[in-house]
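Structure file upload02.csv; described as CSV, C-alpha atoms.
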chain,number,residue,atom,x,y,z
A,1,MET,CA,33.1,-12.4,-3.2
A,2,ARG,CA,31.1,-11.7,-0.1
A,3,ILE,CA,27.3,-12.3,-0.4
A,4,ILE,CA,26.7,-8.6,0.6
A,5,ASP,CA,28.9,-7.4,-2.3
A,6,TYR,CA,26.8,-9.4,-4.7
A,7,PHE,CA,23.6,-7.7,-3.6
A,8,CYS,CA,25.0,-4.2,-3.1
A,9,ASN,CA,25.9,-2.5,-6.4
A,10,ARG,CA,27.0,1.0,-5.5
A,11,ASN,CA,26.2,2.6,-8.9
A,12,MET,CA,22.5,2.6,-8.3
A,13,LYS,CA,20.4,4.9,-6.0
A,14,THR,CA,19.5,2.5,-3.3
A,15,GLY,CA,17.0,2.6,-0.4
A,16,LEU,CA,17.3,0.2,2.5
A,17,PHE,CA,14.0,-1.1,4.0
A,18,ALA,CA,14.9,-2.9,7.2
A,19,GLY,CA,12.8,-4.8,9.7
A,20,THR,CA,12.1,-8.1,11.3
A,21,PHE,CA,9.3,-8.9,8.8
A,22,ASP,CA,7.8,-11.7,10.9
A,23,PRO,CA,5.8,-12.0,8.8
A,24,PHE,CA,6.1,-9.7,5.7
A,25,THR,CA,2.7,-8.1,5.4
A,26,ILE,CA,0.7,-6.2,2.7
A,27,GLY,CA,1.8,-3.0,4.6
A,28,HIS,CA,5.5,-4.0,4.0
A,29,ALA,CA,4.8,-4.7,0.4
A,30,SER,CA,3.2,-1.3,0.0
A,31,VAL,CA,6.3,0.4,1.4
A,32,VAL,CA,8.5,-1.6,-1.1
A,33,ARG,CA,6.2,-0.7,-4.0
A,34,ARG,CA,6.3,3.0,-3.2
A,35,ALA,CA,10.0,3.0,-2.4
A,36,LEU,CA,10.7,1.7,-5.9
A,37,LEU,CA,9.2,4.9,-7.2
A,38,LEU,CA,11.9,6.8,-5.3
A,39,PHE,CA,14.9,4.5,-5.8
A,40,ASP,CA,16.5,2.5,-8.5
A,41,ARG,CA,16.8,-0.4,-6.1
A,42,VAL,CA,15.4,-1.4,-2.7
A,43,VAL,CA,17.3,-3.7,-0.4
A,44,VAL,CA,15.0,-5.4,2.1
A,45,GLY,CA,17.1,-6.1,5.2
A,46,VAL,CA,15.7,-8.9,7.3
A,47,GLY,CA,16.9,-8.3,10.8
A,48,VAL,CA,18.2,-11.3,12.8
A,49,ASN,CA,17.0,-10.6,16.3
A,50,ASP,CA,16.3,-13.7,18.3
A,51,ALA,CA,15.3,-11.5,21.3
A,52,LYS,CA,12.0,-10.9,19.5
A,53,HIS,CA,11.4,-14.6,19.3
A,54,PRO,CA,10.4,-14.7,15.7
A,55,GLU,CA,8.0,-17.4,14.4
A,56,ALA,CA,10.0,-18.0,11.3
A,57,SER,CA,13.8,-18.2,11.0
A,58,ALA,CA,15.6,-15.4,9.3
A,59,GLN,CA,16.4,-17.7,6.3
A,60,GLN,CA,12.7,-18.6,6.0
A,61,ARG,CA,11.7,-14.9,6.1
A,62,VAL,CA,14.4,-14.0,3.5
A,63,GLU,CA,13.2,-16.9,1.2
A,64,ALA,CA,9.5,-15.9,1.5
A,65,ILE,CA,10.3,-12.3,0.6
A,66,ARG,CA,12.6,-13.2,-2.2
A,67,LYS,CA,9.9,-15.4,-3.7
A,68,LEU,CA,7.5,-12.4,-3.7
A,69,TYR,CA,10.1,-10.3,-5.7
A,70,ALA,CA,11.6,-13.1,-7.8
A,71,ASP,CA,10.5,-11.3,-11.0
A,72,ASP,CA,11.8,-7.8,-10.0
A,73,ASP,CA,15.6,-7.4,-10.1
A,74,ARG,CA,15.2,-4.0,-8.4
A,75,VAL,CA,14.5,-5.7,-5.1
A,76,GLU,CA,17.2,-7.5,-3.2
A,77,VAL,CA,16.7,-9.3,0.1
A,78,VAL,CA,19.4,-10.0,2.7
A,79,ALA,CA,19.5,-11.1,6.3
A,80,TYR,CA,21.6,-9.1,8.6
A,81,SER,CA,22.5,-8.6,12.3
A,82,GLY,CA,23.9,-5.6,13.9
A,83,LEU,CA,23.1,-1.9,13.2
A,84,THR,CA,20.9,-1.0,10.2
A,85,VAL,CA,23.2,1.9,9.4
A,86,ASP,CA,26.1,-0.5,9.0
A,87,LEU,CA,24.1,-2.5,6.4
A,88,ALA,CA,23.1,0.8,4.7
A,89,ARG,CA,26.8,1.7,4.4
A,90,GLU,CA,27.7,-1.7,3.0
A,91,CYS,CA,24.9,-1.5,0.4
A,92,GLY,CA,25.7,2.1,-0.5
A,93,ALA,CA,22.1,3.0,0.5
A,94,ALA,CA,21.3,6.7,0.0
A,95,PHE,CA,18.4,6.5,2.5
A,96,ILE,CA,16.8,4.2,5.1
A,97,VAL,CA,13.1,3.7,4.3
A,98,LYS,CA,10.6,3.1,7.0
A,99,GLY,CA,6.8,2.8,7.1
A,100,VAL,CA,4.7,4.8,9.5
A,101,ARG,CA,1.2,3.7,10.5
A,102,SER,CA,0.5,6.0,13.5
A,103,VAL,CA,1.7,8.9,15.5
A,104,ARG,CA,3.3,6.3,17.9
A,105,ASP,CA,5.2,4.8,14.9
A,106,TYR,CA,6.2,8.3,13.8
A,107,GLU,CA,7.7,9.2,17.2
A,108,ASN,CA,9.7,6.0,17.4
A,109,GLU,CA,10.9,6.3,13.8
A,110,ARG,CA,11.8,10.0,14.2
A,111,GLU,CA,14.0,9.2,17.2
A,112,GLN,CA,15.7,6.3,15.4
A,113,ALA,CA,16.2,8.4,12.3
A,114,ASP,CA,17.9,11.0,14.4
A,115,VAL,CA,20.3,8.5,15.9
A,116,ASN,CA,21.0,6.9,12.5
A,117,ARG,CA,21.8,10.3,11.0
A,118,ARG,CA,24.2,11.0,13.9
A,119,LEU,CA,25.9,7.7,13.5
A,120,SER,CA,26.2,7.6,9.7
A,121,GLY,CA,25.0,10.7,8.0
A,122,ILE,CA,22.3,8.6,6.3
A,123,ASP,CA,18.8,10.1,6.3
A,124,THR,CA,15.5,8.3,6.7
A,125,VAL,CA,12.5,8.5,4.4
A,126,LEU,CA,9.2,7.9,6.2
A,127,LEU,CA,6.4,6.6,4.1
A,128,LEU,CA,2.9,7.0,5.6
A,129,ALA,CA,0.7,3.9,5.5
A,130,GLU,CA,-1.8,3.8,2.6
A,131,PRO,CA,-5.4,4.3,3.7
A,132,GLY,CA,-6.8,1.0,5.0
A,133,LEU,CA,-3.3,-0.4,5.9
A,134,GLU,CA,-2.8,1.6,9.2
A,135,SER,CA,-3.9,-1.4,11.3
A,136,VAL,CA,-1.9,-4.0,9.5
A,137,SER,CA,1.1,-5.2,11.5
A,138,SER,CA,3.2,-8.3,11.9
A,139,THR,CA,2.2,-8.4,15.6
A,140,THR,CA,-1.5,-8.3,14.7
A,141,VAL,CA,-1.0,-11.1,12.1
A,142,ARG,CA,0.9,-13.3,14.6
A,143,SER,CA,-1.8,-12.7,17.2
A,144,LEU,CA,-4.6,-13.6,14.9
A,145,ARG,CA,-2.7,-16.7,13.8
A,146,SER,CA,-2.3,-17.8,17.4
A,147,PHE,CA,-6.1,-17.8,17.7
A,148,GLY,CA,-6.4,-19.9,14.6
A,149,ARG,CA,-7.7,-17.1,12.4
A,150,ASP,CA,-7.1,-16.9,8.6
A,151,VAL,CA,-4.6,-14.1,8.0
A,152,THR,CA,-4.5,-14.4,4.2
A,153,GLU,CA,-5.9,-10.9,3.6
A,154,PHE,CA,-2.9,-9.4,5.5
A,155,LEU,CA,-0.2,-11.2,3.5
A,156,PRO,CA,0.9,-10.4,0.0
Kindly transcribe the structure held in the file into structure tokens.
Amino acid sequence: MRIIDYFCNRNMKTGLFAGTFDPFTIGHASVVRRALLLFDRVVVGVGVNDAKHPEASAQQRVEAIRKLYADDDRVEVVAYSGLTVDLARECGAAFIVKGVRSVRDYENEREQADVNRRLSGIDTVLLLAEPGLESVSSTTVRSLRSFGRDVTEFLP
């Protein structure tokens, strides 16, 4: 059995939340929590993209997120490379789930959603950031960390 087959049960309504998650923030956790209100199961796809020069390896990011959701069997965490729509198909995801913090995020995600729909027929659900989380991003957390700042408040 392939590892992806273990994580992807096609009998449940599944949403795929994909990203680099370097690191996984309270904003990401908010998206997962709210996506679980819409779907039976959420697959968190941790993108392997060395071009982004991640601080943590894909395996470290996967393990950290799995630890957060160890008590919730509705959340599965997998590493993947390639197109998100290919992972969505493999998992039988009904939708791709994305978080949106700003108009800039919206425009980027809208364009990507259009391409993904053209490639696969899979639609994207955009969840707006909860009030107070609009400025939380992995980039900001990495930047603050590089200056030796405590980033605990931004991490679940």
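The interatomic distance for the pair CA of Gly47 in chain A and CA of Gly19 in chain A works out to 5.5 Å.
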All residues 8 Å or closer to range 107-109 of chain A, only C-alpha atoms, same chain fewer than 5 positions away omitted, as a list of chain:residue names: A:Lys98, A:Val100, A:Leu126
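The nearest approach to Tyr80 in chain A among the residues A:Ala113, A:Phe95, A:Phe17, A:Val125, with all atoms listed in the file taken into account, belongs to A:Phe17.
Proximity of A:Leu128, A:Ala79, A:Gly121, A:Val43 to Lys13 in chain A, computed with all atoms listed in the file, is greatest for A:Val43.
Shortest atom-to-atom contact with Leu155 in chain A among A:Val42, A:Ser138, A:Tyr106, A:Ser143: A:Ser138, counting all atoms listed in the file.
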In Å, with one decimal, what is the gap from CA of Gly15 in chain A to CA of Leu87 in chain A? 11.1 Å
List as an NGL selection string: which residues have an atom within 8 Å of (14.7, -6.0, 0.0), counting only C-alpha atoms? :A and (16-18 or 32 or 42-46 or 65-66 or 75-78)
Could you take the residues named above and write them with C-alpha atoms, as a PDB file, in the coordinates of the input?
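Final output, saved to result.pdb:
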ATOM      1  CA  LEU A  16      17.300   0.200   2.500  1.00  0.00           C
ATOM      2  CA  PHE A  17      14.000  -1.100   4.000  1.00  0.00           C
ATOM      3  CA  ALA A  18      14.900  -2.900   7.200  1.00  0.00           C
ATOM      4  CA  VAL A  32       8.500  -1.600  -1.100  1.00  0.00           C
ATOM      5  CA  VAL A  42      15.400  -1.400  -2.700  1.00  0.00           C
ATOM      6  CA  VAL A  43      17.300  -3.700  -0.400  1.00  0.00           C
ATOM      7  CA  VAL A  44      15.000  -5.400   2.100  1.00  0.00           C
ATOM      8  CA  GLY A  45      17.100  -6.100   5.200  1.00  0.00           C
ATOM      9  CA  VAL A  46      15.700  -8.900   7.300  1.00  0.00           C
ATOM     10  CA  ILE A  65      10.300 -12.300   0.600  1.00  0.00           C
ATOM     11  CA  ARG A  66      12.600 -13.200  -2.200  1.00  0.00           C
ATOM     12  CA  VAL A  75      14.500  -5.700  -5.100  1.00  0.00           C
ATOM     13  CA  GLU A  76      17.200  -7.500  -3.200  1.00  0.00           C
ATOM     14  CA  VAL A  77      16.700  -9.300   0.100  1.00  0.00           C
ATOM     15  CA  VAL A  78      19.400 -10.000   2.700  1.00  0.00           C
TER      16      VAL A  78
END
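Distance check against Leu119 in chain A using only C-alpha atoms: of A:Ser30, A:Thr20, A:Thr84, A:Ser146, the minimum falls on A:Thr84.
Nearest residue to Val62 in chain A among A:Phe21, A:Arg33, A:Gly27, A:Ala93 is A:Phe21, counting all atoms listed in the file.
Atom pair CA of Arg89 in chain A / CA of Glu55 in chain A has a distance of 28.6 Å (rounded to one decimal).
Each of A:Glu63, A:Gly132, A:Pro54, A:Asp86 was checked against Arg117 in chain A using only C-alpha atoms; the smallest atom-to-atom distance is that of A:Asp86.
With all atoms listed in the file taken into account, the protein and nucleic acid residues at most 7 Å from Val31 in chain A (excluding it and anything under 3 positions from it in its own chain) are Gly27, His28, Arg34, Ala35, Gly99 and Leu127 of chain A.
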